[in-house]
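Here the structure is laid out as C-alpha cells; the discussion comes afterwards.
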Amino acid sequence: METMHEREPNRLINETSPYLLQHAHNPVDWYAWGDEAFERARTEDKPVLVSIGYSACHWCHVMEHESFEDENVATLMNDKFINIKVDMEERPDVDQIYMNFVQVTTGRGGWPMNVFLTPDKKPFFGGTYFPPAPRYGMPSWTQVLLSLAEAYDERREELEQSANAIVGELRKMTVMEPGALSDDIADAAFASFSRSFDSVNGGFGGAPKFPQAMSLEFLLRYHDRTVNPRALEMVTRTLDKMALGGIYDQLGGGFHRYAVDAIWLVPHFEKMLYDNAQLARVYLHTYQVTGNPFYKRICVETLEYVRREMLDPSGAFYSTQDADSEGEEGKFFVWTPAEVEQVLGDDAREFMNLYSVTKDGNFEGKNILNIPYGKAALLSDSDDQKATWIREMRSRLFQARENRIKPHRDEKVLTAWNGLMMAAFADAGRVLSNEEYVETARNNAEFVFRELYRDGRLLRTWKNGAAKLNGYIEDYANVADALIVLYEATGEISWIKQAKELADTMIAEFWDNDGGGFFFTSNDHEELVVRNKDLYDNATPSGNSVSADVLLRLAKLTGEARYENFATTTLRLAASQVRRYPQGFGRALSAMDFALSATKEIVVIGPADAEIARSLGPRYLPHAVVARSATPESDAAAVPLFDGRDLVGGKPAAYVCENFVCQRPVTSSAELETLLDAHEEPQPFETSM
C-alpha cells in the first residue's frame, strides 16, 4: 500500500507554511488560497471547500489523519469540490471573514474550520471538526460532503440567495456606531472582572481557562490609577496560580496555550509566541509594581525559553511549538516517578513531593509538574540551601528531558507576533538593565526591516529567506509599538522615526475615511467578500487597539495632535462593545486608560547608561512616555520634547512634564524619584510648544 511519503505530493509542496506542507502529501488535490483555485471553480462550476487551521492545532492533525489522508474521502473531495488549505496565521484576513460566518451560523468557532463557498467566495455552509463516522450528534465528514454537493447541484438558486444574504450580514458587522469615552468604562470593566474572578484559582470564569494577559495589564493600570487593592489581588493571584501550575513549563520555562481545567493544571501543550510575549511583560510589570522577585524569575525564564527554542539565527522569532511529540499530546513534558528517580536518585522523593509527582499521575497516568500554592516561597531567587537545591534538581531534569524527541516547531516568522516579542525583550532589557535582552530586541527590529520591509511596506511572513503576503494592520501596529518600547530602552532616535513612518502608513493605507477606525487589510489588498474592521482583543490584541495605543504615545512624543485624533476616534468605535463585554477588550481598555489619564512626559538628557536614565527601569509608569537623548538638539526634529532641553551643569538631567508643561530639571535619581512620586500639579517651568 502506498504510504503518505511515497505518494506524489500535491501543489502545497511549493508552499513555505509548515501547516500547508503538512498537507502536501494528502491525496486531496489541495490549492493554497489564490486566483487559480477560484478560476477553476468557476470554469468547472464546482463549490469550493476552504479548510483552515494552523500547524500546532491538535484537532487539525486529527481530522487530517482521519479524513484528508483517506483515499476514498479524497476522491470524493476532488470529484465534487475545489479544495483550498489556509494557514490562519498567514492569512488571518481570510480566517476572520469565514470565522465570523461560522460563529454567526453555528454559535461556535475554532479550528480546524471547514467552510464551503460559491466560486465567488461567498460562504453557504461551515463548521469546525467533523468526524469520519457519525458521533457526538455530528454527521460524518463524508455525509457533509455528499449533502453539500447535492445541494449545490439541485438547489443552487436557494443556496446562492442564502450566501448573498449572509454576506450582507457580515458586511453589516463592520459598521460600528461610536460611543463616548469616560472613566466609567474602566470602572464598569473592573466590576465585571471582579464578578467573574476565580478568587481561589485565579483567572476569570471556569474551564477551559486561558491566560488573559491583556486583561491583567488593564487591571495593573487600573490599580496604578485608583490604588484599588482588589485590582492588584486579581493580578497576583492569577499570575501565582499560573506560574505554579501545569500551564507553565516548570523545567524549561514558557507557557502553554491554555488549561483544559479551572485550576491551571492540565494544559493544551502547544506553546505560542504571542502568549509568551504578552505573559512575559505582565509578569515583568507585576514585578515592577510589587517588587516580588518571583515574578521577575518567571519573566526571565519565559524569555530564556524563547531565546533557546524560538529564536532564529537571523534574529527572527519562530511562531509555535506543537502540543504533540511522537504522536502523543504532552509526551515531551510529562513524567513518571521511575523517570524522575532515574535522573535524581536519592533526591527524587523530596522533589516529587514538591512537584506533585505520584504513582497514579495527574494526566493519563503520568505527571505534569506543578507546585502547591503554599510552597511558592521555596522558588525564590535567594541563595539559601533549599532554593539552590531546587534549581539544581530542575536543571538535572531539564537536561535529561533535552534527550527526548521535541515537539514540532513551526518556524515561519510572523511580523505581528515578532513585534509582540520584540517589545517584551526591549521592555525587560530596560527594566532589568539586561543589555542582552535589548540586543535581542534590536536584532529583531533590524531583521524586520531587512527581510520584511519593502518599498515602505511591511510583509506578513518569512521562512527560509523568503518573505511574502501584504502586512495587515496588526503587523504595522505591533511593530510600531515595539519600536517605541525599543526607543525607550535605548534612546536611539531612529526607532521613533521608523515607528512614525509605520504610523503614517497605517493611516494612509488602513484608515476608514467614512466610518473611522482601521481596516484589517490595506487599500491595495486583494478584494475579499468583506473588508473587516476588527476591534476584538482575542488571543492577540486587535490592530485597532494597538494602533490607538501607539498613536496616543506618538502624539505625546511628537506633539502631533492628529495622531491623538485618530486614536480617540478608534477608541470611540470600540466604546459600546467594551461596555458590553470588557473581557474581550483588554488592550483597548489599556489604551482608553492612557487616553483618559493625566499622563506624564519624562525627558532624560544624557548617555544611554546614565544612572538617572537607568533609575527609571524599576518603576511602573503606565501613564507616561519616556523620551531619551544624548543629542537633544539633533533629535528635537523628531521629538519636540527635546527642544530647549540640555544637560544641567554638565550633568545628565531629567525633565518631568505634563501636557508639555515641565517641572524644573533634576540631576539625581533621588530627585527624579521625588518628582515622580509627587501627586500635586506641576509648577510651570517652561513650555516647548
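Scheme for the C-alpha cells: letters A, B, ... for chains in order shown; per-chain residue numbers from 1; ligand numbers from 1 in order shown.
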Using only C-alpha atoms, determine which residues lie at most 9 Å from Pro27 (chain A), disregarding the query and same-chain residues fewer than 2 positions distant; provide the list as number ranges by chain. A: 4, 7-10, 23-25, 29-30, 68-71, 73-75, 78
Residue selection dump (C-alpha atoms) as a PDB file, in the first residue's frame:
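Written file, again09.pdb:
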ATOM      1  CA  MET A   4       1.991   9.154   2.655  1.00  0.00           C
ATOM      2  CA  ARG A   7       2.585   9.411  -2.564  1.00  0.00           C
ATOM      3  CA  GLU A   8       3.137  12.079  -5.198  1.00  0.00           C
ATOM      4  CA  PRO A   9       2.872  15.457  -3.454  1.00  0.00           C
ATOM      5  CA  ASN A  10       0.105  17.888  -4.277  1.00  0.00           C
ATOM      6  CA  HIS A  23      -0.868  18.510   3.913  1.00  0.00           C
ATOM      7  CA  ALA A  24       1.389  18.366   0.868  1.00  0.00           C
ATOM      8  CA  HIS A  25       1.245  14.558   0.692  1.00  0.00           C
ATOM      9  CA  ASP A  29      -5.898  17.959  -4.582  1.00  0.00           C
ATOM     10  CA  TRP A  30      -5.245  20.955  -2.340  1.00  0.00           C
ATOM     11  CA  PHE A  68      -7.748  14.014   4.407  1.00  0.00           C
ATOM     12  CA  GLU A  69      -5.340  11.053   4.247  1.00  0.00           C
ATOM     13  CA  ASP A  70      -8.159   8.654   3.331  1.00  0.00           C
ATOM     14  CA  GLU A  71      -8.100   7.817  -0.397  1.00  0.00           C
ATOM     15  CA  VAL A  73     -12.634  10.616   1.110  1.00  0.00           C
ATOM     16  CA  ALA A  74     -10.062  12.427  -1.004  1.00  0.00           C
ATOM     17  CA  THR A  75     -11.606  11.062  -4.205  1.00  0.00           C
ATOM     18  CA  ASN A  78     -11.575  16.012  -5.550  1.00  0.00           C
TER      19      ASN A  78
END
At a cut-off of 12 Å, can you tabulate as JSON lines every residue of region 176-254 of chain A near region 341-362 of chain A together with its closest atom pair and the distance in Å to one decimal, using only C-alpha atoms and ordering rows by chain then number?
{"residue": "A:Leu244", "atom": "CA", "partner": "A:Tyr355", "partner_atom": "CA", "distance": 9.2}
{"residue": "A:Gly245", "atom": "CA", "partner": "A:Tyr355", "partner_atom": "CA", "distance": 9.6}
{"residue": "A:Gly246", "atom": "CA", "partner": "A:Tyr355", "partner_atom": "CA", "distance": 10.0}
{"residue": "A:Asp249", "atom": "CA", "partner": "A:Tyr355", "partner_atom": "CA", "distance": 11.8}
{"residue": "A:Gln250", "atom": "CA", "partner": "A:Tyr355", "partner_atom": "CA", "distance": 8.9}
{"residue": "A:Leu251", "atom": "CA", "partner": "A:Tyr355", "partner_atom": "CA", "distance": 10.8}
Check the DSSP output for the backbone and give back, as a PyMOL selection string, the residues of region 183-289 of chain A in helix (DSSP H, G or I). chain A and resi 183-196+213-226+229-244+273-289
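Distances here use only C-alpha atoms; by that measure, the residue among A:Glu658, A:Glu474, A:Asp45, A:Glu527 closest to Thr599 (chain A) is A:Glu658.
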Using only C-alpha atoms, what does the table of region 280-382 of chain A residues within 10 Å of region 402-425 of chain A look like, with each row giving the shortest atom pair and its distance in Å to one decimal, sorted by chain and ascending number, as a Markdown table?
| residue | atom | partner | partner_atom | distance |
| --- | --- | --- | --- | --- |
| A:Ala280 | CA | A:Ala424 | CA | 6.6 |
| A:Arg281 | CA | A:Ala424 | CA | 5.6 |
| A:Val282 | CA | A:Ala424 | CA | 9.4 |
| A:Leu284 | CA | A:Ala424 | CA | 8.9 |
| A:Cys299 | CA | A:Ala424 | CA | 9.4 |
| A:Val300 | CA | A:Phe425 | CA | 9.7 |
| A:Leu303 | CA | A:Phe425 | CA | 7.3 |
| A:Val306 | CA | A:Met421 | CA | 9.0 |
| A:Arg307 | CA | A:Phe425 | CA | 9.9 |
| A:Glu309 | CA | A:Arg409 | CA | 8.8 |
| A:Met310 | CA | A:Glu411 | CA | 8.1 |
| A:Leu311 | CA | A:Glu411 | CA | 9.3 |
| A:Asp312 | CA | A:Glu411 | CA | 8.3 |
| A:Gly315 | CA | A:Asn418 | CA | 9.9 |
| A:Ala316 | CA | A:Val413 | CA | 6.7 |
| A:Phe317 | CA | A:Asn418 | CA | 5.9 |
| A:Tyr318 | CA | A:Glu411 | CA | 4.7 |
| A:Ser319 | CA | A:Asp410 | CA | 5.7 |
| A:Thr320 | CA | A:Asp410 | CA | 5.2 |
| A:Gln321 | CA | A:Arg409 | CA | 4.4 |
| A:Asp322 | CA | A:His408 | CA | 5.2 |
| A:Ala323 | CA | A:Pro407 | CA | 6.6 |
| A:Asp324 | CA | A:Pro407 | CA | 5.6 |
| A:Ser325 | CA | A:Pro407 | CA | 4.5 |
| A:Glu326 | CA | A:Ile405 | CA | 7.2 |
| A:Gly327 | CA | A:Pro407 | CA | 9.3 |
| A:Glu328 | CA | A:Pro407 | CA | 9.6 |
| A:Glu329 | CA | A:Pro407 | CA | 9.1 |
| A:Gly330 | CA | A:Pro407 | CA | 8.6 |
| A:Lys331 | CA | A:Pro407 | CA | 8.7 |
| A:Phe332 | CA | A:Lys406 | CA | 6.2 |
| A:Phe333 | CA | A:Lys406 | CA | 9.3 |
Store the residues of this selection in a file with N, CA and C atoms, as a short mmCIF file (atom, residue, chain, number, x, y, z; two decimals), in the first residue's frame.
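Written file, out-v6.cif:
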data_model
loop_
_atom_site.label_atom_id
_atom_site.label_comp_id
_atom_site.auth_asym_id
_atom_site.auth_seq_id
_atom_site.Cartn_x
_atom_site.Cartn_y
_atom_site.Cartn_z
N ALA A 280 5.19 37.38 29.46
CA ALA A 280 6.48 37.86 29.98
C ALA A 280 6.36 39.30 30.44
N ARG A 281 5.63 40.11 29.67
CA ARG A 281 5.50 41.54 30.03
C ARG A 281 4.63 41.74 31.26
N VAL A 282 3.55 40.98 31.38
CA VAL A 282 2.70 41.20 32.54
C VAL A 282 3.38 40.73 33.82
N LEU A 284 6.64 40.89 34.18
CA LEU A 284 7.63 41.95 34.37
C LEU A 284 7.00 43.16 35.05
N CYS A 299 9.30 35.87 34.37
CA CYS A 299 9.56 36.65 33.16
C CYS A 299 10.86 36.22 32.50
N VAL A 300 11.91 36.14 33.29
CA VAL A 300 13.23 35.79 32.76
C VAL A 300 13.23 34.37 32.20
N LEU A 303 11.50 34.37 28.83
CA LEU A 303 12.31 34.95 27.76
C LEU A 303 13.50 34.05 27.42
N VAL A 306 12.32 31.41 25.12
CA VAL A 306 12.19 31.93 23.76
C VAL A 306 13.55 32.02 23.09
N ARG A 307 14.53 32.52 23.80
CA ARG A 307 15.88 32.62 23.20
C ARG A 307 16.44 31.25 22.86
N GLU A 309 14.63 28.28 22.31
CA GLU A 309 13.84 27.41 21.44
C GLU A 309 13.22 28.12 20.24
N MET A 310 13.03 29.43 20.32
CA MET A 310 12.20 30.10 19.33
C MET A 310 12.92 31.22 18.58
N LEU A 311 14.22 31.30 18.71
CA LEU A 311 14.98 32.38 18.09
C LEU A 311 15.80 31.86 16.92
N ASP A 312 15.52 32.38 15.73
CA ASP A 312 16.27 32.02 14.53
C ASP A 312 17.62 32.74 14.55
N GLY A 315 17.79 36.47 13.87
CA GLY A 315 17.21 37.44 14.78
C GLY A 315 15.70 37.39 14.84
N ALA A 316 15.08 36.55 14.01
CA ALA A 316 13.62 36.42 13.97
C ALA A 316 13.15 35.42 15.02
N PHE A 317 11.89 35.54 15.39
CA PHE A 317 11.27 34.61 16.33
C PHE A 317 10.33 33.67 15.57
N TYR A 318 10.42 32.37 15.89
CA TYR A 318 9.50 31.40 15.32
C TYR A 318 8.10 31.54 15.93
N SER A 319 7.14 30.81 15.37
CA SER A 319 5.74 31.03 15.74
C SER A 319 5.25 30.15 16.89
N THR A 320 5.42 28.84 16.77
CA THR A 320 4.79 27.94 17.75
C THR A 320 5.62 26.68 17.95
N GLN A 321 5.35 26.02 19.06
CA GLN A 321 5.75 24.63 19.25
C GLN A 321 4.49 23.80 19.44
N ASP A 322 4.48 22.63 18.86
CA ASP A 322 3.30 21.78 18.83
C ASP A 322 3.00 21.21 20.22
N ALA A 323 1.77 20.75 20.38
CA ALA A 323 1.38 20.05 21.60
C ALA A 323 1.88 18.61 21.61
N ASP A 324 2.04 18.03 20.43
CA ASP A 324 2.33 16.60 20.30
C ASP A 324 3.82 16.36 20.05
N SER A 325 4.29 15.23 20.53
CA SER A 325 5.57 14.68 20.09
C SER A 325 5.41 13.16 20.05
N GLU A 326 5.99 12.56 19.04
CA GLU A 326 5.85 11.12 18.82
C GLU A 326 4.38 10.71 18.77
N GLY A 327 3.55 11.59 18.25
CA GLY A 327 2.14 11.28 18.08
C GLY A 327 1.29 11.35 19.33
N GLU A 328 1.85 11.82 20.45
CA GLU A 328 1.10 11.89 21.71
C GLU A 328 1.15 13.31 22.25
N GLU A 329 -0.03 13.81 22.65
CA GLU A 329 -0.06 15.15 23.22
C GLU A 329 0.63 15.16 24.57
N GLY A 330 1.55 16.11 24.74
CA GLY A 330 2.20 16.32 26.02
C GLY A 330 3.31 15.34 26.36
N LYS A 331 3.63 14.40 25.49
CA LYS A 331 4.59 13.35 25.84
C LYS A 331 5.94 13.92 26.25
N PHE A 332 6.37 14.99 25.60
CA PHE A 332 7.67 15.58 25.90
C PHE A 332 7.74 16.12 27.33
N PHE A 333 6.60 16.55 27.89
CA PHE A 333 6.62 17.33 29.12
C PHE A 333 6.29 16.53 30.38
#
So which residues of region 266-423 of chain A fall under strand (DSSP E) by DSSP, listed as a PyMOL selection string? chain A and resi 267-268+271-272+320-321+324-325+328-329+409-410+413-414
With N, CA and C atoms retained, export the selected residues as a tab-separated table (two decimals), in the first residue's frame.
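As a result, again_28.tsv now contains:
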chain	number	residue	atom	x	y	z
A	267	PRO	N	-2.63	21.45	30.74
A	267	PRO	CA	-2.68	22.40	29.63
A	267	PRO	C	-2.98	21.70	28.30
A	268	HIS	N	-3.35	22.51	27.33
A	268	HIS	CA	-3.16	22.09	25.94
A	268	HIS	C	-1.72	22.49	25.65
A	271	LYS	N	2.83	25.69	22.60
A	271	LYS	CA	3.36	26.97	23.09
A	271	LYS	C	3.35	27.97	21.93
A	272	MET	N	2.73	29.11	22.18
A	272	MET	CA	2.58	30.13	21.15
A	272	MET	C	3.48	31.31	21.46
A	320	THR	N	5.42	28.84	16.77
A	320	THR	CA	4.79	27.94	17.75
A	320	THR	C	5.62	26.68	17.95
A	321	GLN	N	5.35	26.02	19.06
A	321	GLN	CA	5.75	24.63	19.25
A	321	GLN	C	4.49	23.80	19.44
A	324	ASP	N	2.04	18.03	20.43
A	324	ASP	CA	2.33	16.60	20.30
A	324	ASP	C	3.82	16.36	20.05
A	325	SER	N	4.29	15.23	20.53
A	325	SER	CA	5.57	14.68	20.09
A	325	SER	C	5.41	13.16	20.05
A	328	GLU	N	1.85	11.82	20.45
A	328	GLU	CA	1.10	11.89	21.71
A	328	GLU	C	1.15	13.31	22.25
A	329	GLU	N	-0.03	13.81	22.65
A	329	GLU	CA	-0.06	15.15	23.22
A	329	GLU	C	0.63	15.16	24.57
A	409	ARG	N	8.19	22.22	15.66
A	409	ARG	CA	8.26	23.68	15.78
A	409	ARG	C	7.88	24.31	14.45
A	410	ASP	N	6.94	25.23	14.49
A	410	ASP	CA	6.55	25.98	13.29
A	410	ASP	C	7.53	27.14	13.15
A	413	VAL	N	7.92	32.85	10.35
A	413	VAL	CA	8.07	34.08	11.12
A	413	VAL	C	6.91	35.00	10.76
A	414	LEU	N	6.16	35.44	11.77
A	414	LEU	CA	5.02	36.32	11.56
A	414	LEU	C	5.34	37.70	12.11
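The shell of residues at most 10 Å from region 103-107 of chain A, with only C-alpha atoms counted and near chain neighbours (fewer than 2 positions) removed, consists of Tyr98, Met99, Asn100, Phe101, Gly109, Gly110, Phe124, Phe125, Gly126, Gly127, Thr128, Ile166, Glu169 and Leu170 of chain A.
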Selection from above, C-alpha atoms, as a PDB file, in the first residue's frame, can you write it?
ATOM      1  CA  TYR A  98     -15.174  32.872   7.492  1.00  0.00           C
ATOM      2  CA  MET A  99     -14.795  32.508  11.262  1.00  0.00           C
ATOM      3  CA  ASN A 100     -17.376  35.281  11.673  1.00  0.00           C
ATOM      4  CA  PHE A 101     -19.632  33.340   9.307  1.00  0.00           C
ATOM      5  CA  GLY A 109     -15.997  28.534  16.163  1.00  0.00           C
ATOM      6  CA  GLY A 110     -12.479  27.176  16.266  1.00  0.00           C
ATOM      7  CA  PHE A 124     -23.022  28.922   2.358  1.00  0.00           C
ATOM      8  CA  PHE A 125     -22.088  26.285   4.972  1.00  0.00           C
ATOM      9  CA  GLY A 126     -19.399  25.959   7.592  1.00  0.00           C
ATOM     10  CA  GLY A 127     -18.306  24.167  10.725  1.00  0.00           C
ATOM     11  CA  THR A 128     -15.238  23.035  12.607  1.00  0.00           C
ATOM     12  CA  ILE A 166     -25.101  36.008   4.740  1.00  0.00           C
ATOM     13  CA  GLU A 169     -24.981  40.391   7.305  1.00  0.00           C
ATOM     14  CA  LEU A 170     -21.207  40.032   7.513  1.00  0.00           C
TER      15      LEU A 170
END
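Candidate residues A:Leu220, A:Ala508, A:Leu239, A:Val448 were compared for distance to Ala482 (chain A), and the nearest is A:Val448, using only C-alpha atoms.
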I want to know what sits within 8 Å of Asp261 (chain A), based on only C-alpha atoms, with residues of the same chain fewer than 5 positions away left out; could you give that as number ranges by chain? A: 206-209, 266-267
Atoms kept (N, CA and C atoms) for selection, written as a PDB file, in the first residue's frame:
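After the write, again_20.pdb holds the following:
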ATOM      1  N   GLY A 206     -14.620  29.682  34.353  1.00  0.00           N
ATOM      2  CA  GLY A 206     -14.222  28.305  34.621  1.00  0.00           C
ATOM      3  C   GLY A 206     -13.444  27.698  33.480  1.00  0.00           C
ATOM      4  N   ALA A 207     -13.517  26.378  33.370  1.00  0.00           N
ATOM      5  CA  ALA A 207     -12.747  25.653  32.357  1.00  0.00           C
ATOM      6  C   ALA A 207     -13.425  25.768  30.989  1.00  0.00           C
ATOM      7  N   PRO A 208     -12.633  25.752  29.901  1.00  0.00           N
ATOM      8  CA  PRO A 208     -11.172  25.875  29.883  1.00  0.00           C
ATOM      9  C   PRO A 208     -10.755  27.295  30.254  1.00  0.00           C
ATOM     10  N   LYS A 209      -9.536  27.426  30.728  1.00  0.00           N
ATOM     11  CA  LYS A 209      -9.082  28.711  31.243  1.00  0.00           C
ATOM     12  C   LYS A 209      -7.884  29.200  30.434  1.00  0.00           C
ATOM     13  N   VAL A 266      -3.823  21.018  33.861  1.00  0.00           N
ATOM     14  CA  VAL A 266      -3.624  20.269  32.612  1.00  0.00           C
ATOM     15  C   VAL A 266      -3.734  21.229  31.438  1.00  0.00           C
ATOM     16  N   PRO A 267      -2.628  21.453  30.742  1.00  0.00           N
ATOM     17  CA  PRO A 267      -2.682  22.398  29.633  1.00  0.00           C
ATOM     18  C   PRO A 267      -2.983  21.705  28.304  1.00  0.00           C
TER      19      PRO A 267
END
Can you pull out the residues contacting region 646-649 of chain A? Cut-off 7 Å, using only C-alpha atoms, and skip same-chain residues under 6 positions away; I want them as a PyMOL selection string. chain A and resi 605-606+632
Residues as selected, C-alpha atoms, written as a tab-separated table (two decimals), in the first residue's frame, can you do that?
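Result went into result.tsv, see below:
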chain	number	residue	atom	x	y	z
A	605	ILE	CA	19.10	64.05	28.58
A	606	GLY	CA	22.39	62.19	28.74
A	632	PRO	CA	18.80	66.57	22.10
Compile the contact shell of region 129-135 of chain A as a list of chain:residue names: residues with an atom at most 7 Å away, counting only C-alpha atoms, same-chain residues fewer than 6 positions apart removed. A:Met63, A:Glu66, A:Ser67, A:Pro112, A:Met113, A:Trp141
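Using only C-alpha atoms, the shortest contact distance between Glu446 (chain A) and any of A:Phe363, A:Phe510, A:Phe518, A:Trp495 is found at A:Trp495.
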Residue with the minimum atom-to-atom distance to Trp33 (chain A), picked from A:Cys60, A:Lys46, A:Leu528, A:Met173 with only C-alpha atoms counted, is A:Leu528
Which polymer residues have any atom within 8 Å of an atom of Val529 (chain A), counting only C-alpha atoms, with same-chain residues fewer than 3 positions away left out, as a ChimeraX atom specification? /A:121-122,167
Those same residues, written as a compact mmCIF listing (two decimals), in the first residue's frame with C-alpha atoms?
# COMPACT_ATOMS: atom_id res chain seq x y z
CA LYS A 121 -16.05 33.34 -2.39
CA LYS A 122 -19.44 33.64 -0.68
CA VAL A 167 -22.51 38.23 3.07
Rounded to one decimal in Å, what is the spacing between CA of Lys241 (chain A) and CA of Trp264 (chain A)? 7.0 Å
When you draw a straight line from CA of Leu397 (chain A) to CA of Val340 (chain A), how long is it in Å? 7.4 Å
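Proximity of A:Thr569, A:Thr174, A:Ser314, A:Thr558 to Lys497 (chain A), computed with only C-alpha atoms, is greatest for A:Thr558.
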Between A:Tyr248, A:Tyr19, A:Tyr31, A:Phe204, which has the minimum distance to Met88 (chain A) (counting only C-alpha atoms)? A:Tyr19
